[in-house]
file structure_27.cif (mmCIF, C-alpha atoms)
data_entry
loop_
_atom_site.label_atom_id
_atom_site.label_comp_id
_atom_site.auth_asym_id
_atom_site.auth_seq_id
_atom_site.Cartn_x
_atom_site.Cartn_y
_atom_site.Cartn_z
CA ALA A 102 5.07 -8.68 8.09
CA ILE A 103 6.88 -5.67 6.61
CA ALA A 104 6.55 -3.64 9.81
CA THR A 105 7.81 -6.59 11.86
CA ALA A 106 10.80 -7.13 9.54
CA ALA A 107 11.71 -3.43 9.55
CA ALA A 108 11.49 -3.21 13.35
CA ALA A 109 13.60 -6.37 13.69
CA ALA A 110 16.22 -4.71 11.47
CA GLY A 111 16.34 -1.72 13.85
CA ALA A 112 14.06 0.74 12.06
CA ASP A 113 11.79 3.13 13.92
CA VAL A 114 8.46 1.99 12.44
CA VAL A 115 5.04 3.62 12.32
CA LEU A 116 2.34 1.29 11.02
CA ILE A 117 -0.87 2.97 9.89
CA SER A 118 -3.43 0.21 9.68
CA GLY A 119 -7.05 -0.17 8.80
CA PRO A 120 -9.17 -2.82 10.54
CA VAL A 121 -7.33 -6.16 10.51
CA ASN A 122 -7.51 -9.41 12.46
CA LEU A 123 -3.78 -9.44 13.20
CA PRO A 124 -1.98 -8.58 16.43
CA ASP A 125 0.05 -5.37 16.48
CA PRO A 126 3.69 -6.11 15.63
CA PRO A 127 6.08 -5.81 18.58
CA GLY A 128 8.29 -2.74 18.68
CA VAL A 129 6.11 -0.81 16.23
CA ARG A 130 4.00 2.32 16.84
CA VAL A 131 0.54 1.51 15.45
CA ILE A 132 -2.00 4.10 14.35
CA LYS A 133 -5.44 2.62 13.70
CA ILE A 134 -7.68 4.21 11.08
CA GLU A 135 -10.88 3.27 9.27
CA THR A 136 -11.10 5.48 6.17
CA ALA A 137 -8.85 6.54 3.32
CA ARG A 138 -9.04 10.17 4.44
CA GLN A 139 -7.99 9.17 7.96
CA MET A 140 -5.11 7.16 6.49
CA LEU A 141 -3.84 10.07 4.41
CA ASP A 142 -4.06 12.37 7.42
CA ALA A 143 -2.15 9.89 9.61
CA VAL A 144 0.53 9.41 6.94
CA GLU A 145 1.01 13.16 6.55
CA LYS A 146 1.24 13.62 10.33
CA SER A 147 3.83 10.80 10.52
CA LEU A 148 6.23 12.58 8.18
CA PRO A 149 9.12 13.15 7.94
CA ALA A 150 10.24 9.61 7.18
CA ASP A 151 13.21 8.17 5.31
CA VAL A 152 11.15 5.40 3.69
CA ALA A 153 7.41 5.10 3.13
CA ILE A 154 5.89 1.76 2.16
CA PHE A 155 2.31 1.75 0.92
CA ALA A 156 0.91 -1.78 1.05
CA ALA A 157 -2.72 -1.04 1.96
CA ALA A 158 -5.44 -1.85 -0.56
CA VAL A 159 -7.33 1.41 -0.09
CA ALA A 160 -10.73 1.71 -1.76
CA ASP A 161 -10.72 4.00 -4.78
CA TRP A 162 -14.26 5.23 -4.04
CA ARG A 163 -16.44 6.16 -1.07
CA SER A 164 -20.04 7.23 -0.64
CA GLU A 165 -20.42 11.00 -1.05
CA ARG A 166 -22.61 11.18 2.05
CA ALA A 167 -22.24 8.78 4.93
CA SER A 168 -25.45 7.97 6.75
CA GLY A 169 -25.45 8.19 10.51
CA SER A 170 -28.07 5.49 10.70
CA LYS A 171 -29.27 2.43 8.81
CA ILE A 172 -30.77 3.12 5.40
CA LYS A 173 -34.15 1.39 5.58
CA LYS A 174 -35.81 -0.45 2.73
CA GLN A 175 -38.65 1.45 1.12
CA GLN A 176 -41.18 -0.47 -0.96
CA GLY A 177 -40.39 -0.05 -4.66
CA GLN A 178 -37.46 2.31 -4.10
CA THR A 179 -33.78 1.58 -4.44
CA PRO A 180 -31.46 4.01 -2.67
CA VAL A 181 -29.06 5.92 -4.88
CA LEU A 182 -25.51 6.12 -3.62
CA LYS A 183 -23.33 8.75 -5.24
CA LEU A 184 -19.64 7.85 -5.14
CA VAL A 185 -16.67 10.22 -4.93
CA GLU A 186 -13.01 9.41 -5.35
CA ASN A 187 -10.88 8.72 -2.28
CA PRO A 188 -7.51 10.44 -2.00
CA ASP A 189 -4.62 8.67 -3.71
CA ILE A 190 -2.30 8.33 -0.72
CA LEU A 191 0.68 6.85 -2.58
CA SER A 192 0.61 9.50 -5.31
CA THR A 193 0.06 12.33 -2.83
CA ILE A 194 3.16 11.43 -0.81
CA ALA A 195 5.28 10.53 -3.85
CA HIS A 196 4.59 13.96 -5.38
CA LEU A 197 5.38 16.04 -2.29
CA LYS A 198 7.69 18.95 -3.05
CA ALA A 199 8.92 19.21 0.54
CA GLY A 200 9.17 16.40 3.06
CA ARG A 201 9.00 13.58 0.54
CA PRO A 202 10.57 10.39 1.91
CA ARG A 203 13.83 9.44 0.15
CA LEU A 204 12.27 6.14 -0.91
CA VAL A 205 8.55 5.74 -1.66
CA ILE A 206 7.38 2.18 -2.29
CA GLY A 207 3.98 1.04 -3.52
CA PHE A 208 2.36 -2.29 -4.29
CA ALA A 209 0.48 -3.44 -7.37
CA ALA A 210 -1.86 -6.40 -6.93
CA GLU A 211 -2.62 -7.32 -10.52
CA THR A 212 -4.60 -10.02 -12.33
CA ASP A 213 -3.56 -9.25 -15.92
CA ASP A 214 -0.38 -7.92 -17.55
CA VAL A 215 1.31 -7.77 -14.15
CA ILE A 216 4.60 -6.18 -15.22
CA ALA A 217 3.14 -3.72 -17.74
CA ASN A 218 0.45 -2.54 -15.31
CA ALA A 219 3.00 -2.18 -12.51
CA GLU A 220 5.36 -0.18 -14.73
CA ALA A 221 2.48 2.13 -15.67
CA LYS A 222 1.55 2.51 -12.00
CA LEU A 223 5.16 3.36 -11.10
CA ALA A 224 5.17 6.17 -13.66
CA ARG A 225 1.66 7.41 -12.84
CA LYS A 226 2.07 7.43 -9.07
CA GLY A 227 5.58 8.91 -9.04
CA CYS A 228 6.97 6.44 -6.54
CA ASP A 229 10.44 4.88 -6.62
CA TRP A 230 9.58 1.19 -6.45
CA ILE A 231 6.51 -0.93 -7.04
CA LEU A 232 6.27 -4.47 -5.70
CA ALA A 233 3.96 -6.25 -8.12
CA ASN A 234 2.30 -9.61 -7.78
CA ASP A 235 -0.28 -11.66 -9.61
CA VAL A 236 -3.33 -12.03 -7.37
CA SER A 237 -5.41 -14.07 -9.80
CA PRO A 238 -7.49 -16.63 -7.88
CA GLU A 239 -5.44 -19.54 -9.24
CA THR A 240 -2.23 -18.15 -7.65
CA GLY A 241 -3.59 -18.59 -4.11
CA ILE A 242 -1.78 -15.41 -3.01
CA MET A 243 -4.85 -13.71 -1.55
CA GLY A 244 -5.38 -15.38 1.81
CA GLY A 245 -2.34 -17.61 1.35
CA ASP A 246 1.15 -17.35 2.81
CA THR A 247 3.26 -17.60 -0.36
CA ASN A 248 3.93 -14.73 -2.72
CA THR A 249 5.89 -14.09 -5.90
CA ILE A 250 7.10 -10.50 -6.19
CA HIS A 251 8.45 -8.45 -9.08
CA LEU A 252 10.32 -5.35 -7.91
CA ILE A 253 9.77 -2.64 -10.51
CA SER A 254 11.99 0.45 -10.50
CA SER A 255 13.62 2.85 -12.94
CA ARG A 256 16.37 0.23 -13.24
CA GLY A 257 13.98 -2.39 -14.57
CA VAL A 258 12.33 -5.53 -13.21
CA GLU A 259 13.79 -7.80 -10.54
CA ASP A 260 11.93 -11.11 -10.22
CA TRP A 261 11.95 -12.57 -6.73
CA PRO A 262 11.51 -16.30 -6.13
CA PRO A 263 8.26 -17.62 -4.65
CA GLN A 264 8.56 -17.31 -0.88
CA SER A 265 6.52 -16.76 2.26
CA LYS A 266 5.16 -13.29 2.95
CA ASP A 267 7.52 -13.05 5.95
CA GLU A 268 10.46 -13.83 3.64
CA VAL A 269 9.22 -11.21 1.15
CA ALA A 270 9.11 -8.68 3.98
CA ARG A 271 12.67 -9.50 5.09
CA MET A 272 13.92 -9.35 1.49
CA LEU A 273 12.26 -5.95 1.01
CA VAL A 274 13.85 -4.59 4.18
CA GLN A 275 17.22 -5.93 3.01
CA ARG A 276 16.81 -4.23 -0.40
CA ILE A 277 15.89 -0.95 1.34
CA ALA A 278 19.02 -1.19 3.49
CA GLU A 279 21.13 -1.87 0.38
CA GLN A 280 19.58 1.14 -1.37
CA ASP A 281 20.16 3.31 1.69
CA ALA A 282 23.82 2.21 1.88
CA LYS A 283 24.32 3.46 -1.71
CA ARG A 284 23.24 7.00 -0.74
#
call {"tool": "encode", "arguments": {"input": "structure_27.cif", "output": "structure tokens"}}
result
Amino acid sequence: AIATAAAAAGADVVLISGPVNLPDPPGVRVIKIETARQMLDAVEKSLPADVAIFAAAVADWRSERASGSKIKKQQGQTPVLKLVENPDILSTIAHLKAGRPRLVIGFAAETDDVIANAEAKLARKGCDWILANDVSPETGIMGGDTNTIHLISSRGVEDWPPQSKDEVARMLVQRIAEQDAKR
């Protein structure tokens, strides 16, 4: 929805996407990836950019060694999978010394202490904005079409009204344009 809204507003958009069951947005260059390392590589190769929006829910961990074939059951033995940390794509780009986008935006899908956790994430990741939302099961946000966003920045918290995800995307693009006009 964000890529579609940005393209509709006239932006030159590159969408780096993991496996999804959605059609590619019209007027958007799409780069398909499957792993966090592929995503980071694609993001880095897509720079420079004026604005970078990081909305993907990338896994924090991956198996240290990928198997090229099925791991078979062995009587009485449980396989041991050693995990290693995936790259933190948002933090990596937000902390670039050269080539950092003017505006780096992340998302925080939270279930507890939404604002406090999003503010901590903003500081920890080094991005400019965090769009936070409560994804607790009772909100219906995950898999639903309505979302309630809190835009967290160094200026504070801006609470957005409940709206469709398409409306959230359009509102985000509008706020980016307003921010860009101030520069």
call {"tool": "closest_residue", "arguments": {"input": "structure_27.cif", "among": "A:Ala278, A:Ala167, A:Val258, A:Val152", "to": "Cys228 of chain A", "atoms": "only C-alpha atoms"}}
result
A:Val152
call {"tool": "resolve_selection", "arguments": {"input": "structure_27.cif", "expression": "the PyMOL selection byres ((chain A and resi 223) around 10)", "output": "ChimeraX atom specification"}}
result
/A:192,206-209,217-222,224-232,253-255
call {"tool": "residues_around", "arguments": {"input": "structure_27.cif", "residues": "Thr136 of chain A", "least_positions_apart": "2", "cutoff": "12 Å", "atoms": "all atoms listed in the file", "output": "PyMOL selection string"}}
result
chain A and resi 117-120+133-134+138-143+157-164+167+187-188+190
call {"tool": "write_last_selection", "arguments": {"input": "structure_27.cif", "atoms": "C-alpha atoms", "output": "compact mmCIF listing (two decimals), in the coordinates of the input"}}
result
# COMPACT_ATOMS: atom_id res chain seq x y z
CA ILE A 117 -0.87 2.97 9.89
CA SER A 118 -3.43 0.21 9.68
CA GLY A 119 -7.05 -0.17 8.80
CA PRO A 120 -9.17 -2.82 10.54
CA LYS A 133 -5.44 2.62 13.70
CA ILE A 134 -7.68 4.21 11.08
CA ARG A 138 -9.04 10.17 4.44
CA GLN A 139 -7.99 9.17 7.96
CA MET A 140 -5.11 7.16 6.49
CA LEU A 141 -3.84 10.07 4.41
CA ASP A 142 -4.06 12.37 7.42
CA ALA A 143 -2.15 9.89 9.61
CA ALA A 157 -2.72 -1.04 1.96
CA ALA A 158 -5.44 -1.85 -0.56
CA VAL A 159 -7.33 1.41 -0.09
CA ALA A 160 -10.73 1.71 -1.76
CA ASP A 161 -10.72 4.00 -4.78
CA TRP A 162 -14.26 5.23 -4.04
CA ARG A 163 -16.44 6.16 -1.07
CA SER A 164 -20.04 7.23 -0.64
CA ALA A 167 -22.24 8.78 4.93
CA ASN A 187 -10.88 8.72 -2.28
CA PRO A 188 -7.51 10.44 -2.00
CA ILE A 190 -2.30 8.33 -0.72
call {"tool": "resolve_selection", "arguments": {"input": "structure_27.cif", "expression": "the PyMOL selection byres ((chain A and resi 248) around 7)", "output": "PyMOL selection string"}}
result
chain A and resi 242+246-247+249-250+263-266
call {"tool": "closest_residue", "arguments": {"input": "structure_27.cif", "among": "A:Ala112, A:Ile103, A:Val121, A:Met272", "to": "Phe155 of chain A", "atoms": "all atoms listed in the file"}}
result
A:Ile103
call {"tool": "atom_distance", "arguments": {"input": "structure_27.cif", "atom1": "atom CA of Pro126 of chain A", "atom2": "atom CA of Ala108 of chain A"}}
result
8.6 Å
call {"tool": "axis_aligned_box", "arguments": {"input": "structure_27.cif", "around": "segment 207-225 of chain A", "padding_each_side": "3 Å", "output": "lines of an AutoDock Vina configuration file"}}
result
center_x = 0.4
center_y = -1.3
center_z = -10.6
size_x = 16.0
size_y = 23.4
size_z = 20.2
call {"tool": "residues_around", "arguments": {"input": "structure_27.cif", "residues": "Arg166 of chain A", "least_positions_apart": "4", "cutoff": "12 Å", "atoms": "only C-alpha atoms", "output": "PyMOL selection string"}}
result
chain A and resi 162+170+172+181-185
call {"tool": "closest_residue", "arguments": {"input": "structure_27.cif", "among": "A:Lys174, A:Arg256, A:His251, A:Arg276", "to": "Ile216 of chain A", "atoms": "all atoms listed in the file"}}
result
A:His251
call {"tool": "closest_residue", "arguments": {"input": "structure_27.cif", "among": "A:Val114, A:Leu204, A:Leu123, A:Ala102", "to": "Ala156 of chain A", "atoms": "only C-alpha atoms"}}
result
A:Ala102
call {"tool": "closest_residue", "arguments": {"input": "structure_27.cif", "among": "A:Glu259, A:Asp125, A:Glu279, A:Asp213", "to": "Val236 of chain A", "atoms": "all atoms listed in the file"}}
result
A:Asp213
call {"tool": "residues_around", "arguments": {"input": "structure_27.cif", "residues": "Pro202 of chain A", "least_positions_apart": "6", "cutoff": "7 Å", "atoms": "only C-alpha atoms", "output": "VMD selection string"}}
result
chain A and resid 149 to 153
call {"tool": "atom_distance", "arguments": {"input": "structure_27.cif", "atom1": "atom CA of Ala210 of chain A", "atom2": "atom CA of Ala282 of chain A"}}
result
28.5 Å
call {"tool": "atom_distance", "arguments": {"input": "structure_27.cif", "atom1": "atom CA of Pro127 of chain A", "atom2": "atom CA of Ala110 of chain A"}}
result
12.4 Å
call {"tool": "decode", "arguments": {"input": "structure_27.cif", "residues": "segment 244-258 of chain A", "atoms": "all heavy atoms", "output": "mmCIF file, in the first residue's frame"}}
result
data_model
loop_
_atom_site.group_PDB
_atom_site.id
_atom_site.type_symbol
_atom_site.label_atom_id
_atom_site.label_comp_id
_atom_site.auth_asym_id
_atom_site.auth_seq_id
_atom_site.Cartn_x
_atom_site.Cartn_y
_atom_site.Cartn_z
ATOM 1 N N GLY A 244 -3.722 -9.147 9.576
ATOM 2 C CA GLY A 244 -4.667 -9.806 8.690
ATOM 3 C C GLY A 244 -5.906 -8.989 8.404
ATOM 4 O O GLY A 244 -6.712 -9.354 7.561
ATOM 5 N N GLY A 245 -6.070 -7.885 9.097
ATOM 6 C CA GLY A 245 -7.226 -7.007 8.866
ATOM 7 C C GLY A 245 -6.860 -5.842 7.967
ATOM 8 O O GLY A 245 -5.725 -5.709 7.527
ATOM 9 N N ASP A 246 -7.821 -4.978 7.698
ATOM 10 C CA ASP A 246 -7.568 -3.843 6.810
ATOM 11 C C ASP A 246 -7.484 -2.513 7.549
ATOM 12 O O ASP A 246 -7.109 -1.511 6.977
ATOM 13 C CB ASP A 246 -8.654 -3.760 5.728
ATOM 14 C CG ASP A 246 -8.333 -2.679 4.702
ATOM 15 O OD1 ASP A 246 -7.190 -2.685 4.182
ATOM 16 O OD2 ASP A 246 -9.188 -1.813 4.451
ATOM 17 N N THR A 247 -7.816 -2.483 8.826
ATOM 18 C CA THR A 247 -7.807 -1.229 9.575
ATOM 19 C C THR A 247 -6.582 -1.181 10.482
ATOM 20 O O THR A 247 -6.156 -2.202 11.012
ATOM 21 C CB THR A 247 -9.088 -1.095 10.420
ATOM 22 O OG1 THR A 247 -10.218 -1.169 9.545
ATOM 23 C CG2 THR A 247 -9.129 0.234 11.152
ATOM 24 N N ASN A 248 -6.045 0.025 10.647
ATOM 25 C CA ASN A 248 -4.854 0.189 11.454
ATOM 26 C C ASN A 248 -4.945 1.500 12.229
ATOM 27 O O ASN A 248 -5.567 2.447 11.772
ATOM 28 C CB ASN A 248 -3.612 0.197 10.551
ATOM 29 C CG ASN A 248 -2.366 -0.249 11.254
ATOM 30 O OD1 ASN A 248 -2.294 -0.258 12.471
ATOM 31 N ND2 ASN A 248 -1.365 -0.619 10.475
ATOM 32 N N THR A 249 -4.320 1.544 13.376
ATOM 33 C CA THR A 249 -4.202 2.768 14.156
ATOM 34 C C THR A 249 -2.716 3.013 14.379
ATOM 35 O O THR A 249 -2.041 2.192 14.999
ATOM 36 C CB THR A 249 -4.931 2.651 15.516
ATOM 37 O OG1 THR A 249 -6.304 2.344 15.261
ATOM 38 C CG2 THR A 249 -4.841 3.950 16.292
ATOM 39 N N ILE A 250 -2.224 4.108 13.853
ATOM 40 C CA ILE A 250 -0.796 4.411 13.836
ATOM 41 C C ILE A 250 -0.468 5.528 14.812
ATOM 42 O O ILE A 250 -1.237 6.474 14.990
ATOM 43 C CB ILE A 250 -0.364 4.837 12.410
ATOM 44 C CG1 ILE A 250 -0.443 3.647 11.445
ATOM 45 C CG2 ILE A 250 1.020 5.464 12.383
ATOM 46 C CD1 ILE A 250 0.568 2.561 11.675
ATOM 47 N N HIS A 251 0.718 5.422 15.397
ATOM 48 C CA HIS A 251 1.309 6.493 16.199
ATOM 49 C C HIS A 251 2.637 6.821 15.521
ATOM 50 O O HIS A 251 3.512 5.953 15.443
ATOM 51 C CB HIS A 251 1.553 6.039 17.643
ATOM 52 C CG HIS A 251 0.340 5.434 18.272
ATOM 53 N ND1 HIS A 251 -0.690 6.187 18.792
ATOM 54 C CD2 HIS A 251 -0.012 4.135 18.432
ATOM 55 C CE1 HIS A 251 -1.613 5.379 19.277
ATOM 56 N NE2 HIS A 251 -1.234 4.131 19.058
ATOM 57 N N LEU A 252 2.768 8.029 15.012
ATOM 58 C CA LEU A 252 4.015 8.464 14.381
ATOM 59 C C LEU A 252 4.919 9.013 15.478
ATOM 60 O O LEU A 252 4.594 10.006 16.126
ATOM 61 C CB LEU A 252 3.747 9.529 13.317
ATOM 62 C CG LEU A 252 4.979 10.187 12.703
ATOM 63 C CD1 LEU A 252 5.838 9.166 11.973
ATOM 64 C CD2 LEU A 252 4.580 11.303 11.759
ATOM 65 N N ILE A 253 6.045 8.336 15.694
ATOM 66 C CA ILE A 253 6.999 8.710 16.729
ATOM 67 C C ILE A 253 8.202 9.359 16.041
ATOM 68 O O ILE A 253 8.774 8.788 15.110
ATOM 69 C CB ILE A 253 7.489 7.463 17.517
ATOM 70 C CG1 ILE A 253 6.353 6.519 17.893
ATOM 71 C CG2 ILE A 253 8.350 7.879 18.695
ATOM 72 C CD1 ILE A 253 5.373 7.015 18.877
ATOM 73 N N SER A 254 8.570 10.547 16.515
ATOM 74 C CA SER A 254 9.750 11.230 15.987
ATOM 75 C C SER A 254 10.397 12.015 17.118
ATOM 76 O O SER A 254 9.906 12.012 18.253
ATOM 77 C CB SER A 254 9.360 12.168 14.837
ATOM 78 O OG SER A 254 8.661 13.299 15.334
ATOM 79 N N SER A 255 11.470 12.731 16.806
ATOM 80 C CA SER A 255 12.128 13.550 17.832
ATOM 81 C C SER A 255 11.200 14.657 18.320
ATOM 82 O O SER A 255 11.412 15.224 19.387
ATOM 83 C CB SER A 255 13.422 14.146 17.279
ATOM 84 O OG SER A 255 13.136 14.975 16.168
ATOM 85 N N ARG A 256 10.172 14.960 17.558
ATOM 86 C CA ARG A 256 9.203 15.993 17.944
ATOM 87 C C ARG A 256 8.117 15.474 18.881
ATOM 88 O O ARG A 256 7.301 16.242 19.371
ATOM 89 C CB ARG A 256 8.552 16.587 16.709
ATOM 90 C CG ARG A 256 9.521 17.363 15.866
ATOM 91 C CD ARG A 256 8.807 18.017 14.732
ATOM 92 N NE ARG A 256 9.729 18.890 14.043
ATOM 93 C CZ ARG A 256 9.510 19.412 12.876
ATOM 94 N NH1 ARG A 256 8.374 19.169 12.248
ATOM 95 N NH2 ARG A 256 10.402 20.189 12.312
ATOM 96 N N GLY A 257 8.052 14.169 19.061
ATOM 97 C CA GLY A 257 7.045 13.603 19.943
ATOM 98 C C GLY A 257 6.202 12.546 19.261
ATOM 99 O O GLY A 257 6.649 11.886 18.327
ATOM 100 N N VAL A 258 4.967 12.417 19.720
ATOM 101 C CA VAL A 258 4.050 11.379 19.245
ATOM 102 C C VAL A 258 2.858 12.047 18.573
ATOM 103 O O VAL A 258 2.240 12.942 19.133
ATOM 104 C CB VAL A 258 3.554 10.494 20.405
ATOM 105 C CG1 VAL A 258 2.574 9.440 19.911
ATOM 106 C CG2 VAL A 258 4.723 9.849 21.134
#
